[in-house]
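Okay, structure first, notes after.
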Amino acid sequence: MSNNNNKSKSAISLQESWASNLSDYILLRRQQTHVAYDATDAKTNDENRRIDKSKDSDLFTALFVILAAHLEEGHTVLTVDTADHEAPMQGQINGEIVTLYAWQQQLLGILATPIFALIDTQIKTQLDTQIDDDTITETSLFVLLDTLFGQRDYLWAQLALSNHEKGKLIKRFDAITTLYHRLKNSDLNTFVHSIHEHALFANVNANPNCNNYQNSLSKNNQPIIYNIAKNKETRGSKITFWLHRTWQAEFNLAQHINHILNQQIVPLDITMPENLNDQQIAAINVANNNAFSIITGGPGTGKTYTVAQLVIALQQATESRGDESKHIRFSTDSASLALAAPTGKAAQRMQESLQAALDDANVELQLQEAKTIHRLLGIGRTGRPRYDTNNPLGEDIIIVDEASMLGVELANYLVSAVKPGARLILLGDANQLAAVDAGAVLADLCRIPLLQPIHAELTESRRFSAESGIGKLATQINKAETNLQAIWQLLRQDAALSFQYVNTLQAESISNNKIKNSLSKDRIISKISNNYQLYVNKAKSLLKNPIEKSVPESVKNTTSSLMEVFNQFRILTAGHNGEWGDHYINNYLTQWHLAELKLPLGQNTWFHGRPVMVLQNNYELGLFNGDIGFCLQTSDERSQLEVFFENKTQGIAVNLLNEEVIATAYAMTIHKSQGSEFDHVAITFDNSHARLLSKELIYTAVTRAKKQVTIYSTKHALEKAVQTPTERHTGLALQF
């Protein structure tokens, strides 16, 4: 039960620590403002105090915390959808028969989720339920609420909580209680009336400033924005709520995109290579004729190669115009072309791919360094960009790869910094994971009818054909209606694919038509470690012949050679925690690595051959989120340990690297693997990762592989993942 307790406490810490406290602060400041402005009228003071302590204040607090919880999960909006024909559900809570509609259960469920995780465990413990790892059991909202209200003190007593933690739990309990009493046996009209009447909620449709680009809703000091519309499908009402900041970001993003779309640009004269397919030709034309364009496609479909033709055409046009156009020259100090991606690793791979395409076309062109979007926009510690609408970027073409990783706020900063007459091209795979930050910008833009003419999709993959095992598995995962039988058949029969049960209770595992006994966790990880044997052997050889840090070319060659071997295999995990998370696996493989090289066990975090990943941008050291490096013993007299990164000619002393922003990289999360590719990928997850699993997660992991995929999981976890599409609730489409 301790694990669940920790989850409950951590969930409340994330949301309650700022959302509830901030809502309290807003209400307090509102009350103080009323009192200050009407201090001369005691009667008004009493009325203001009465108003701010009314039940409508708890409605604001509840919805503010719910929206914050939604934001933590990547949603920019909360949508309450009702149906005219919807029948309410009845249940017994605290000895009372209560009626709740689905939308009311939705609101209560989100607000109570952190505590329900605890209660659900408590209920199952009381019932002495024996739950198999591959069995789904769900407790109804009525049972959970009844347990919460009836056994609150008992539940609190089961937890070893500090007074501060207990205070947060009680605060959440009080919010649930007041929302429950407001919603039970009530209807939508009453709820909507309360929203309309509340001074801290702003109705988009009723506010005259909403169509004002400069002011929007910012002058009204209303933290929650809402929109009410008729839902034609359900014949009911659809209420969309935003926190003001996310509404503003989506509003501005749509406005900036519309502004770019209306820019007139001069098409370039492009000579199409003979090896382009029809889809690529169409994509080039879309990017050539529009100031804003989106090119999507799976791995190996030639997105970067396609865009390279536009870059070549711009270069040729520049040369033909002679000295008059030096300001858009493609030399290294030119500002005519910007290459960017959300992470340093993705930016590096983009530049390599684009440079390779130019080299293949015999175009002598040295590209500018690709940058992270943060670096391109000059976003520093303050979080605000240096380049914006008033100070736009100087580039004529801005190409952004891995656009599926764009959250709504970063996307807004990006489009607002595009100068008039410049081209913005977004590249990405709309089927991959959405951004870690809130929003699903690329997927949203691809679905908006107005933007269909500027969206080109590539489907023919050169990395693996649709007939290859990996290609077939990726296609099956992407289908709207998942065919589990087809997926299991592929895993059994295709030589490039295999599956291993990780649950020791399972009797069998399947792989290439062979039945195997299930192995224990450590035996499986021990078996997985064999895939890193070549890398460890190469690291061992560098103990005898250390890297020559004084010879830049030797440093670069050694690091590249080590990276080539290391990228032959990678373990990708659904999350950090649990037996199949990257933390446990990296700890296990670290001990294995030390034993293989006969190094002292567990004495120091840093050791020869340790592969590491950068978790946070460090502009002083020139390191970026996602960069991979190797800790190596150097050839100088002191035999120092330094970390060497690809394409860099100097190492970085380990004492300059903060362990908080560096992680061992034998295993990494699937999120961190975006923008990378490996020969063989091992994907690990189990039922404990249920909340993280989705078909986009598995698709992203599978398509990181070029030759082979091995999945280590339970039957239920895999089936749940491929049948669970990510639903990011966003309001971007409502702004167009």
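By order in the structure tokens, chains are A, B, ...; within a chain, residues start at 1; ligands start at 1, following the order shown.
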Task: Surrounding residues of Ser676 of chain A excluding itself and chain neighbours under 3 positions, 12 Å, only C-alpha atoms, as a ChimeraX atom specification - done: /A:299-300,343-350,353,402,567-570,572,626-628,668-673,679,681,700-706
- [ ] Fewer than 4 positions away in the same chain doesn't count, so skip those; otherwise give me all residues within 7 Å of Ser635 of chain A, counting only C-alpha atoms, as a list in words.
- [x]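 Neighbouring residues, sequence-local ones excluded: Pro546, Ile547, Glu548, Lys549 and Ser639 of chain A.
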For the residues in that selection, give me N, CA, C and O atoms as a PDB file, in the first residue's frame.
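Dumped everything to part.pdb:
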ATOM      1  N   PRO A 546      43.744   4.728 -23.966  1.00  0.00           N
ATOM      2  CA  PRO A 546      42.833   5.828 -23.634  1.00  0.00           C
ATOM      3  C   PRO A 546      42.696   6.857 -24.753  1.00  0.00           C
ATOM      4  O   PRO A 546      43.580   6.996 -25.607  1.00  0.00           O
ATOM      5  N   ILE A 547      41.584   7.565 -24.717  1.00  0.00           N
ATOM      6  CA  ILE A 547      41.311   8.608 -25.692  1.00  0.00           C
ATOM      7  C   ILE A 547      42.372   9.702 -25.584  1.00  0.00           C
ATOM      8  O   ILE A 547      42.786  10.080 -24.482  1.00  0.00           O
ATOM      9  N   GLU A 548      42.878  10.175 -26.720  1.00  0.00           N
ATOM     10  CA  GLU A 548      43.917  11.205 -26.738  1.00  0.00           C
ATOM     11  C   GLU A 548      43.256  12.572 -26.741  1.00  0.00           C
ATOM     12  O   GLU A 548      42.974  13.142 -27.784  1.00  0.00           O
ATOM     13  N   LYS A 549      43.032  13.105 -25.556  1.00  0.00           N
ATOM     14  CA  LYS A 549      42.272  14.346 -25.416  1.00  0.00           C
ATOM     15  C   LYS A 549      42.973  15.552 -26.019  1.00  0.00           C
ATOM     16  O   LYS A 549      42.349  16.567 -26.300  1.00  0.00           O
ATOM     17  N   SER A 639      45.029  10.613 -15.344  1.00  0.00           N
ATOM     18  CA  SER A 639      43.939   9.696 -15.753  1.00  0.00           C
ATOM     19  C   SER A 639      42.571  10.210 -15.279  1.00  0.00           C
ATOM     20  O   SER A 639      41.821   9.516 -14.601  1.00  0.00           O
TER      21      SER A 639
END
Open item on the list: So that I can check the surroundings of Ala68 of chain A, please list as a PyMOL selection string every protein, DNA and RNA residue that reaches within 7 Å of it, counting only C-alpha atoms and ignoring chain neighbours fewer than 3 positions away.
Closed with: chain A and resi 15+19+64-65+71-72
- [ ] Extract, using only C-alpha atoms, all DNA, RNA and protein residues at most 6 Å from segment 580-588 of chain A, discarding same-chain residues fewer than 6 positions from it, and format them as a count of residues only.
- [x] 6
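Interatomic distance, atom CA of Gln493 of chain A to atom CA of Asn687 of chain A: 24.9 Å.
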- [ ] Could you tell me which of A:Phe645, A:Phe607, A:Phe566, A:Trp488 comes closest to Leu623 of chain A if we count only C-alpha atoms?
- [x]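 Nearest candidate to Leu623 of chain A out of A:Phe645, A:Phe607, A:Phe566, A:Trp488: A:Phe645.
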Segment 295-395 of chain A residues near segment 418-422 of chain A within 8 Å, closest pair each, using only C-alpha atoms, as CSV:
residue,atom,partner,partner_atom,distance
A:Asp388,CA,A:Val418,CA,7.7
A:Thr389,CA,A:Val418,CA,7.5
A:Pro392,CA,A:Lys419,CA,5.2
A:Leu393,CA,A:Val418,CA,5.9
A:Gly394,CA,A:Lys419,CA,6.8
A:Glu395,CA,A:Ala422,CA,7.0
Open item on the list: According to DSSP computed on the backbone, where in segment 479-688 of chain A is there alpha helix (DSSP H)? Give the residues as a ChimeraX atom specification.
Closed with: /A:484-493,521-529,533-544,552-566,582-596,670-673
Task: Which of A:Ile373, A:Arg235, A:Lys230, A:Ser541 sits closest to Arg386 of chain A [using only C-alpha atoms] - done: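 Nearest to Arg386 of chain A: A:Ile373.
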TODO: List the neighbours of segment 304-308 of chain A out to 10 Å using only C-alpha atoms; skip same-chain residues closer than 4 positions along the sequence, and give me the result as a ChimeraX atom specification.
DONE: /A:272-273,276-277,279-284,287-288,295,300,312-314,350-358,360-361,399,401,425,427-428,458
Task: Among the residues A:Ala595, A:Ile195, A:Ile711, A:Ala417, the one that comes closest to Leu473 of chain A [using only C-alpha atoms] - done: A:Ile711
Open item on the list: Could you list, as a VMD selection string, every residue within 12 Å of Asp429 of chain A, counting only C-alpha atoms and ignoring same-chain residues fewer than 6 positions away?
Closed with: chain A and resid 294 to 303 401 to 406 435 440 to 443 446 456 to 459 478 674 to 675 696 699 to 700 703
Open item on the list: If I take atom CA of Leu433 of chain A and atom CA of Lys695 of chain A, how far is one from the other in Å, to one decimal?
Closed with: 8.9 Å
- [ ] Enumerate as number ranges by chain all residues of segment 447-680 of chain A assigned to strand (DSSP E or B) by DSSP on the backbone, naming them with the chain letters and numbers the document uses.
- [x] A: 455-458, 497-501, 509-511, 514-516, 547, 569-573, 611-614, 618, 623, 628-634, 641-645, 652-653, 662-664, 667-669, 678-680
